[in-house]
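J.: Input structure: upload06.cif, which contains mmCIF, C-alpha atoms.
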```cif
data_final
#
loop_
_atom_site.label_atom_id
_atom_site.label_comp_id
_atom_site.auth_asym_id
_atom_site.auth_seq_id
_atom_site.Cartn_x
_atom_site.Cartn_y
_atom_site.Cartn_z
CA MET A 418 24.99 -32.55 -4.13
CA LYS A 419 24.68 -35.40 -6.60
CA ILE A 420 27.63 -35.05 -8.97
CA GLY A 421 28.28 -37.14 -12.06
CA PHE A 422 32.00 -37.54 -12.81
CA VAL A 423 33.23 -38.84 -16.16
CA GLY A 424 36.95 -39.46 -16.66
CA LEU A 425 38.84 -41.11 -13.80
CA GLY A 426 42.33 -40.90 -15.25
CA ILE A 427 45.54 -39.41 -13.85
CA MET A 428 43.83 -36.11 -13.05
CA GLY A 429 40.20 -37.12 -12.68
CA HIS A 430 40.85 -39.90 -10.17
CA PRO A 431 42.18 -37.69 -7.32
CA MET A 432 39.75 -34.89 -8.22
CA ALA A 433 36.83 -37.29 -7.81
CA LEU A 434 38.18 -38.54 -4.47
CA ASN A 435 38.37 -34.96 -3.20
CA LEU A 436 34.70 -34.45 -4.07
CA ILE A 437 33.75 -37.57 -2.13
CA LYS A 438 35.83 -36.33 0.82
CA GLY A 439 33.77 -33.16 0.60
CA ARG A 440 30.67 -35.29 1.35
CA HIS A 441 29.14 -35.08 -2.13
CA GLU A 442 27.40 -38.09 -3.65
CA LEU A 443 29.39 -39.14 -6.71
CA LEU A 444 28.01 -41.03 -9.70
CA VAL A 445 30.59 -42.59 -12.02
CA TYR A 446 30.55 -44.45 -15.31
CA GLY A 447 30.91 -48.19 -14.80
CA LYS A 448 31.53 -49.42 -18.35
CA ARG A 449 35.28 -49.49 -17.76
CA ARG A 450 37.23 -50.78 -14.77
CA LEU A 451 37.04 -48.32 -11.88
CA PRO A 452 39.82 -47.50 -9.40
CA ALA A 453 39.28 -49.57 -6.27
CA ASP A 454 39.43 -46.58 -3.92
CA ILE A 455 36.65 -44.83 -5.86
CA LYS A 456 34.38 -47.80 -5.25
CA GLU A 457 35.45 -48.12 -1.63
CA ALA A 458 34.73 -44.43 -1.04
CA GLY A 459 31.10 -45.04 -1.92
CA ALA A 460 30.71 -43.79 -5.49
CA LYS A 461 27.56 -45.01 -7.22
CA VAL A 462 28.23 -46.82 -10.49
CA CYS A 463 25.99 -46.13 -13.50
CA ASP A 464 25.90 -48.29 -16.62
CA THR A 465 25.41 -45.43 -19.08
CA LEU A 466 26.40 -41.79 -19.43
CA LYS A 467 22.74 -40.95 -19.89
CA ALA A 468 21.97 -42.46 -16.47
CA ILE A 469 24.68 -40.35 -14.88
CA ALA A 470 23.11 -37.19 -16.27
CA GLU A 471 19.60 -38.26 -15.28
CA ASN A 472 20.61 -38.82 -11.66
CA SER A 473 23.00 -35.88 -11.16
CA GLU A 474 22.57 -32.18 -10.54
CA ILE A 475 26.00 -31.41 -12.01
CA VAL A 476 27.99 -33.49 -14.49
CA ILE A 477 31.79 -33.04 -14.62
CA LEU A 478 33.94 -34.25 -17.50
CA MET A 479 37.71 -34.76 -17.28
CA VAL A 480 38.74 -36.53 -20.47
CA PRO A 481 41.76 -36.21 -22.80
CA ASP A 482 40.68 -34.24 -25.87
CA THR A 483 37.96 -32.45 -27.86
CA PRO A 484 36.62 -35.58 -29.64
CA ASP A 485 36.31 -37.34 -26.27
CA VAL A 486 34.18 -34.53 -24.84
CA LYS A 487 32.00 -34.48 -27.96
CA SER A 488 31.51 -38.24 -27.77
CA MET A 489 30.65 -38.28 -24.07
CA LEU A 490 28.14 -35.47 -24.52
CA PHE A 491 26.42 -36.21 -27.80
CA ASP A 492 26.85 -39.86 -28.81
CA PRO A 493 23.70 -42.01 -28.53
CA GLY A 494 23.12 -42.73 -24.86
CA GLY A 495 25.39 -39.86 -23.93
CA ILE A 496 25.17 -37.17 -21.29
CA ALA A 497 23.02 -34.80 -23.35
CA GLU A 498 20.23 -37.37 -23.58
CA GLY A 499 19.95 -37.54 -19.80
CA LEU A 500 19.91 -33.81 -19.09
CA SER A 501 16.86 -31.91 -17.92
CA ARG A 502 16.29 -28.20 -17.38
CA GLY A 503 18.37 -26.57 -14.65
CA LYS A 504 21.29 -28.99 -14.63
CA ILE A 505 24.92 -27.93 -15.18
CA VAL A 506 27.61 -29.51 -17.33
CA VAL A 507 31.19 -28.70 -16.30
CA ASP A 508 33.96 -29.64 -18.72
CA MET A 509 37.31 -29.61 -16.90
CA SER A 510 39.19 -31.15 -19.83
CA SER A 511 41.63 -29.08 -21.90
CA ILE A 512 40.09 -28.79 -25.35
CA SER A 513 39.39 -26.42 -28.26
CA PRO A 514 37.84 -23.06 -27.28
CA ILE A 515 35.95 -22.96 -30.59
CA GLU A 516 34.41 -26.39 -30.14
CA THR A 517 33.63 -25.53 -26.51
CA LYS A 518 31.35 -22.69 -27.63
CA LEU A 519 29.49 -25.06 -29.95
CA PHE A 520 29.09 -27.67 -27.18
CA ALA A 521 27.82 -25.02 -24.76
CA ALA A 522 25.24 -23.77 -27.27
CA GLU A 523 23.83 -27.29 -27.69
CA ILE A 524 23.64 -27.88 -23.95
CA ASN A 525 21.97 -24.48 -23.46
CA LYS A 526 19.19 -25.57 -25.84
CA LYS A 527 18.20 -28.12 -23.20
CA GLY A 528 17.77 -25.41 -20.57
CA CYS A 529 21.05 -26.32 -18.92
CA ASP A 530 24.17 -24.27 -18.14
CA TYR A 531 27.66 -25.10 -19.35
CA LEU A 532 30.98 -24.20 -17.77
CA ASP A 533 34.36 -24.81 -19.37
CA ALA A 534 36.80 -25.11 -16.48
CA PRO A 535 40.20 -26.49 -17.51
CA VAL A 536 42.85 -26.84 -14.85
CA SER A 537 46.57 -26.38 -14.31
CA GLY A 538 48.71 -27.98 -11.63
CA GLY A 539 49.16 -31.53 -12.82
CA GLU A 540 48.68 -34.74 -10.83
CA VAL A 541 50.33 -33.19 -7.77
CA GLY A 542 47.84 -30.33 -7.74
CA ALA A 543 44.93 -32.71 -8.32
CA LYS A 544 45.92 -34.82 -5.32
CA ALA A 545 46.54 -31.80 -3.10
CA ALA A 546 43.34 -30.04 -4.21
CA SER A 547 45.46 -27.04 -5.19
CA LEU A 548 44.65 -26.81 -8.90
CA THR A 549 44.30 -23.53 -10.76
CA ILE A 550 40.85 -23.56 -12.37
CA MET A 551 40.06 -21.21 -15.28
CA VAL A 552 36.33 -20.91 -15.86
CA GLY A 553 34.20 -19.72 -18.75
CA GLY A 554 30.41 -19.47 -18.54
CA PRO A 555 27.51 -17.65 -16.88
CA GLU A 556 28.11 -16.10 -13.48
CA HIS A 557 25.06 -17.71 -11.82
CA ALA A 558 26.28 -21.19 -12.79
CA PHE A 559 29.79 -20.37 -11.59
CA ALA A 560 28.41 -19.24 -8.23
CA LYS A 561 26.58 -22.54 -7.82
CA VAL A 562 29.58 -24.68 -8.74
CA LYS A 563 32.22 -22.58 -6.91
CA PRO A 564 31.98 -24.59 -3.64
CA ILE A 565 32.69 -27.72 -5.68
CA PHE A 566 35.66 -26.08 -7.38
CA ASP A 567 36.94 -25.14 -3.92
CA LEU A 568 37.28 -28.85 -3.12
CA MET A 569 39.59 -29.35 -6.10
CA GLY A 570 41.57 -26.13 -6.42
CA LYS A 571 42.87 -22.93 -4.84
CA ASN A 572 43.16 -20.31 -7.58
CA ILE A 573 39.71 -20.24 -9.17
CA THR A 574 38.80 -17.49 -11.63
CA LEU A 575 35.70 -16.79 -13.73
CA VAL A 576 37.42 -15.39 -16.81
CA GLY A 577 34.37 -14.67 -18.97
CA GLY A 578 31.85 -16.45 -21.17
CA ASN A 579 31.92 -19.95 -22.59
CA GLY A 580 35.20 -20.66 -24.33
CA ASP A 581 37.17 -18.13 -22.29
CA GLY A 582 38.24 -20.77 -19.78
CA GLN A 583 39.69 -22.90 -22.57
CA THR A 584 41.31 -19.83 -24.15
CA THR A 585 43.00 -19.14 -20.81
CA LYS A 586 44.27 -22.73 -20.68
CA VAL A 587 45.75 -22.38 -24.16
CA ALA A 588 47.50 -19.19 -23.00
CA ASN A 589 48.78 -21.12 -19.98
CA GLN A 590 50.17 -23.87 -22.21
CA ILE A 591 51.90 -21.34 -24.47
CA ILE A 592 53.69 -19.84 -21.47
CA VAL A 593 54.56 -23.23 -19.97
CA ALA A 594 55.79 -24.79 -23.22
CA LEU A 595 57.89 -21.78 -24.27
CA THR A 596 59.38 -21.46 -20.79
CA ILE A 597 60.32 -25.15 -20.67
CA GLU A 598 62.09 -24.67 -24.00
CA ALA A 599 63.85 -21.51 -22.73
CA VAL A 600 65.00 -23.18 -19.50
CA GLY A 601 66.30 -26.17 -21.46
CA GLU A 602 68.31 -23.94 -23.81
CA ALA A 603 69.68 -21.80 -20.97
CA LEU A 604 70.88 -24.73 -18.87
CA LEU A 605 72.39 -26.47 -21.90
CA PHE A 606 74.24 -23.24 -22.79
CA ALA A 607 75.54 -22.92 -19.22
CA SER A 608 76.74 -26.52 -19.20
CA ARG A 609 78.48 -26.33 -22.58
CA ALA A 610 80.14 -23.06 -21.51
CA GLY A 611 81.73 -24.89 -18.58
CA ALA A 612 79.52 -23.72 -15.70
CA ASP A 613 77.79 -26.03 -13.24
CA PRO A 614 74.12 -25.98 -14.40
CA ALA A 615 72.89 -26.75 -10.87
CA LYS A 616 74.61 -23.67 -9.48
CA VAL A 617 73.50 -21.58 -12.46
CA ARG A 618 69.91 -22.58 -11.74
CA GLN A 619 70.38 -21.76 -8.05
CA ALA A 620 71.64 -18.28 -8.93
CA LEU A 621 68.83 -17.65 -11.44
CA MET A 622 66.17 -18.64 -8.90
CA GLY A 623 66.96 -15.46 -6.98
CA GLY A 624 66.65 -13.18 -10.00
CA PHE A 625 64.17 -11.96 -12.59
CA ALA A 626 64.44 -15.23 -14.54
CA SER A 627 62.96 -17.17 -11.64
CA SER A 628 59.85 -19.22 -12.42
CA ARG A 629 58.05 -22.39 -11.39
CA ILE A 630 59.33 -23.97 -14.60
CA LEU A 631 62.94 -23.16 -13.70
CA GLU A 632 62.31 -24.38 -10.15
CA ILE A 633 60.66 -27.71 -10.98
CA HIS A 634 61.53 -28.64 -14.55
CA GLY A 635 64.97 -27.07 -14.32
CA GLU A 636 65.80 -29.38 -11.42
CA ARG A 637 64.47 -32.37 -13.36
CA MET A 638 66.62 -31.47 -16.36
CA ILE A 639 69.75 -31.25 -14.20
CA LYS A 640 69.00 -34.54 -12.43
CA ARG A 641 67.97 -36.20 -15.71
CA THR A 642 64.63 -37.13 -14.18
CA PHE A 643 62.12 -37.86 -16.92
CA ASP A 644 59.28 -39.54 -15.07
CA PRO A 645 56.07 -38.61 -16.92
CA GLY A 646 53.89 -35.88 -15.45
CA PHE A 647 51.84 -34.88 -18.50
CA ARG A 648 51.47 -36.42 -21.93
CA ILE A 649 53.56 -34.80 -24.68
CA GLU A 650 50.77 -35.63 -27.12
CA LEU A 651 48.29 -33.53 -25.16
CA THR A 652 50.66 -30.56 -25.02
CA LYS A 653 51.15 -30.82 -28.78
CA ARG A 654 47.39 -30.77 -29.32
CA THR A 655 46.95 -27.77 -27.04
CA LEU A 656 49.60 -25.83 -28.96
CA THR A 657 47.96 -26.67 -32.28
CA SER A 658 45.00 -24.37 -31.62
CA PRO A 659 46.91 -21.07 -31.29
CA CYS A 660 49.20 -22.03 -34.18
CA ARG A 661 46.09 -22.10 -36.39
CA ALA A 662 45.09 -18.59 -35.36
CA ARG A 663 44.59 -17.20 -38.88
CA PRO A 664 40.97 -16.14 -38.16
CA LEU A 665 42.45 -13.86 -35.47
CA SER A 666 44.92 -12.36 -37.97
CA LEU A 667 47.63 -13.48 -35.58
CA SER A 668 51.11 -14.94 -35.96
CA LEU A 669 52.69 -16.84 -33.06
CA PRO A 670 56.11 -17.83 -34.41
CA ASN A 671 57.70 -18.90 -31.13
CA THR A 672 54.69 -21.02 -30.23
CA ALA A 673 54.87 -22.68 -33.66
CA THR A 674 58.59 -23.38 -33.23
CA THR A 675 58.07 -24.87 -29.78
CA GLN A 676 55.25 -27.02 -31.09
CA GLU A 677 57.66 -28.45 -33.67
CA LEU A 678 60.09 -29.30 -30.86
CA PHE A 679 57.31 -31.18 -29.06
CA ASN A 680 56.49 -32.90 -32.37
CA ALA A 681 60.09 -34.08 -32.54
CA SER A 682 60.19 -35.32 -28.96
CA PRO A 683 61.24 -38.98 -28.99
CA ALA A 684 58.54 -41.36 -27.84
CA SER A 685 60.02 -44.82 -28.44
CA PRO A 686 61.52 -46.82 -25.52
CA SER A 687 64.94 -46.84 -27.21
CA ALA A 688 64.89 -43.05 -27.58
CA ALA A 689 63.79 -42.66 -23.97
CA ARG A 690 66.72 -44.83 -22.84
CA ALA A 691 69.09 -42.72 -24.90
CA ILE A 692 67.85 -39.58 -23.17
CA ARG A 693 68.15 -41.11 -19.72
CA ALA A 694 71.70 -42.32 -20.28
CA PRO A 695 73.80 -39.21 -19.35
CA ALA A 696 74.32 -38.65 -15.63
CA SER A 697 74.21 -34.87 -16.08
CA LEU A 698 73.80 -32.19 -18.67
CA PRO A 699 76.54 -32.29 -21.35
CA ARG A 700 79.89 -30.82 -20.31
CA PRO A 701 82.46 -29.35 -22.70
#
```
Using structure tokens, write down the structure from this file.
T.:
Amino acid sequence: MKIGFVGLGIMGHPMALNLIKGRHELLVYGKRRLPADIKEAGAKVCDTLKAIAENSEIVILMVPDTPDVKSMLFDPGGIAEGLSRGKIVVDMSSISPIETKLFAAEINKKGCDYLDAPVSGGEVGAKAASLTIMVGGPEHAFAKVKPIFDLMGKNITLVGGNGDGQTTKVANQIIVALTIEAVGEALLFASRAGADPAKVRQALMGGFASSRILEIHGERMIKRTFDPGFRIELTKRTLTSPCRARPLSLSLPNTATTQELFNASPASPSAARAIRAPASLPRP
């Protein structure tokens, strides 16, 4: 198939390469500098987003936030201007479920289908084509795009209608963020109480407290490994949506508290150096 791909960042870059490996013809946006291996793999470069949409059967977006998706779709010369009846727009970014429904409605007016399909699994999952993909949209469009999803992920679920994929991603981020906070508190408690946090983690991995967060992030905490894997700013934005859940008559106090902890996360180089300094978790 001819697939337009917009957003060749940390996640989008390996996802796009996997589509090329799957023998699809990829069209990419050439206004910014492209990764060399994308060019070498044979991707066709288009000068405008409109041209990508005109020459593709499916257009995939993988950009940072809601305003970016809106801009790529609806700015002058954007994707929407190049769409024709029967094409499919797939947004794999992690953005607002409410705005997603509005975007989908506008794309539907052009006789095109829209799928929101955010992912979980990070850069490692993107490179290994093992992402979890949570999809919202019509079943017939999902069936057509499913073979493409299979080239990028393993756990692929049609959750419901437009917006439901993004809602699932928000739920995912709530669980991940709160669990990271819980693991951090538990290991700090163990260390301050005089126990070896590495052995505490090893013991917990065989019990009911076991989780991927404890396995991966717990080890990073113990080893004081803070190499970036996902932007704190993006996690903060994702947690903002459920914390503003008043229309749902819903209170999420622990999510709100965890969001404040992410808000307080140091971002300056000096703060980062201060965090990296200890060789292990604090001891009594």
J.: Taking the file as I've supplied it (selection: the PyMOL selection byres ((chain A and resi 580) around 7)), which residues are included? Please answer as a count of residues only.
T.: 12
J.: Translate the PyMOL selection byres ((chain A and resi 435) around 9), as applied to the file shown, into an explicit residue set as a PyMOL selection string.
T.: chain A and resi 430-434+436-440+543-546+568-569
J.: I need the output of the PyMOL selection byres ((chain A and resi 554-560) around 10) for this file as a PDB file with C-alpha atoms, in the frame of the given file; which residues are they?
T.:
```pdb
ATOM      1  CA  GLY A 503      18.370 -26.570 -14.650  1.00  0.00           C
ATOM      2  CA  LYS A 504      21.290 -28.990 -14.630  1.00  0.00           C
ATOM      3  CA  ILE A 505      24.920 -27.930 -15.180  1.00  0.00           C
ATOM      4  CA  VAL A 506      27.610 -29.510 -17.330  1.00  0.00           C
ATOM      5  CA  VAL A 507      31.190 -28.700 -16.300  1.00  0.00           C
ATOM      6  CA  LYS A 518      31.350 -22.690 -27.630  1.00  0.00           C
ATOM      7  CA  ALA A 521      27.820 -25.020 -24.760  1.00  0.00           C
ATOM      8  CA  CYS A 529      21.050 -26.320 -18.920  1.00  0.00           C
ATOM      9  CA  ASP A 530      24.170 -24.270 -18.140  1.00  0.00           C
ATOM     10  CA  TYR A 531      27.660 -25.100 -19.350  1.00  0.00           C
ATOM     11  CA  LEU A 532      30.980 -24.200 -17.770  1.00  0.00           C
ATOM     12  CA  ASP A 533      34.360 -24.810 -19.370  1.00  0.00           C
ATOM     13  CA  ALA A 534      36.800 -25.110 -16.480  1.00  0.00           C
ATOM     14  CA  VAL A 552      36.330 -20.910 -15.860  1.00  0.00           C
ATOM     15  CA  GLY A 553      34.200 -19.720 -18.750  1.00  0.00           C
ATOM     16  CA  LYS A 561      26.580 -22.540  -7.820  1.00  0.00           C
ATOM     17  CA  VAL A 562      29.580 -24.680  -8.740  1.00  0.00           C
ATOM     18  CA  LYS A 563      32.220 -22.580  -6.910  1.00  0.00           C
ATOM     19  CA  PRO A 564      31.980 -24.590  -3.640  1.00  0.00           C
ATOM     20  CA  ILE A 565      32.690 -27.720  -5.680  1.00  0.00           C
ATOM     21  CA  PHE A 566      35.660 -26.080  -7.380  1.00  0.00           C
ATOM     22  CA  THR A 574      38.800 -17.490 -11.630  1.00  0.00           C
ATOM     23  CA  LEU A 575      35.700 -16.790 -13.730  1.00  0.00           C
ATOM     24  CA  VAL A 576      37.420 -15.390 -16.810  1.00  0.00           C
ATOM     25  CA  GLY A 577      34.370 -14.670 -18.970  1.00  0.00           C
ATOM     26  CA  GLY A 578      31.850 -16.450 -21.170  1.00  0.00           C
ATOM     27  CA  ASN A 579      31.920 -19.950 -22.590  1.00  0.00           C
ATOM     28  CA  GLY A 580      35.200 -20.660 -24.330  1.00  0.00           C
ATOM     29  CA  ASP A 581      37.170 -18.130 -22.290  1.00  0.00           C
ATOM     30  CA  GLY A 582      38.240 -20.770 -19.780  1.00  0.00           C
TER      31      GLY A 582
END
```
J.: Tell me which residues come within 6 Å of (23.2, -41.2, -9.2), as a list of chain:residue names, counting only C-alpha atoms in the file's coordinates.
T.: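 In the file's frame, the residues around the point are A:Leu444, A:Ile469, A:Asn472, A:Ser473.
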J.: So the first atom is CA of Glu540 in chain A and the second is CA of Gly426 in chain A; what is the distance between them in Å, to one decimal place?
T.: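 Those two atoms sit 9.9 Å apart.
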J.: Please determine, counting all atoms listed in the file, which residue among A:Val480, A:Leu605, A:Ala594, A:Leu631 has the shortest atom-to-atom distance to Ala673 in chain A.
T.: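 Looking at the shortest contact to Ala673 in chain A, the residue is A:Ala594.
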J.: Neighbours of Lys467 in chain A within 9 Å (only C-alpha atoms; same-chain residues fewer than 6 positions away dropped), as a ChimeraX atom specification?
T.: /A:490,493-500
J.: Quick one, how far is CA of Tyr446 in chain A from CA of Gly421 in chain A?
T.: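 Straight-line distance from CA of Tyr446 in chain A to CA of Gly421 in chain A works out to 8.3 Å.
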J.: For Lys586 in chain A, which residue among A:Pro484, A:Gly459, A:Gly429, A:Pro535 is the nearest when counting only C-alpha atoms?
T.: A:Pro535
J.: Pick out the closest residue to Val486 in chain A from this set: A:Arg629, A:Glu598, A:Ile639, A:Ser510. Count only C-alpha atoms.
T.: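 Selected residue with least distance to Val486 in chain A: A:Ser510.
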J.: Rounded to one decimal place, report the CA of Gln619 in chain A-CA of Gln676 in chain A distance in Å.
T.: 28.1 Å
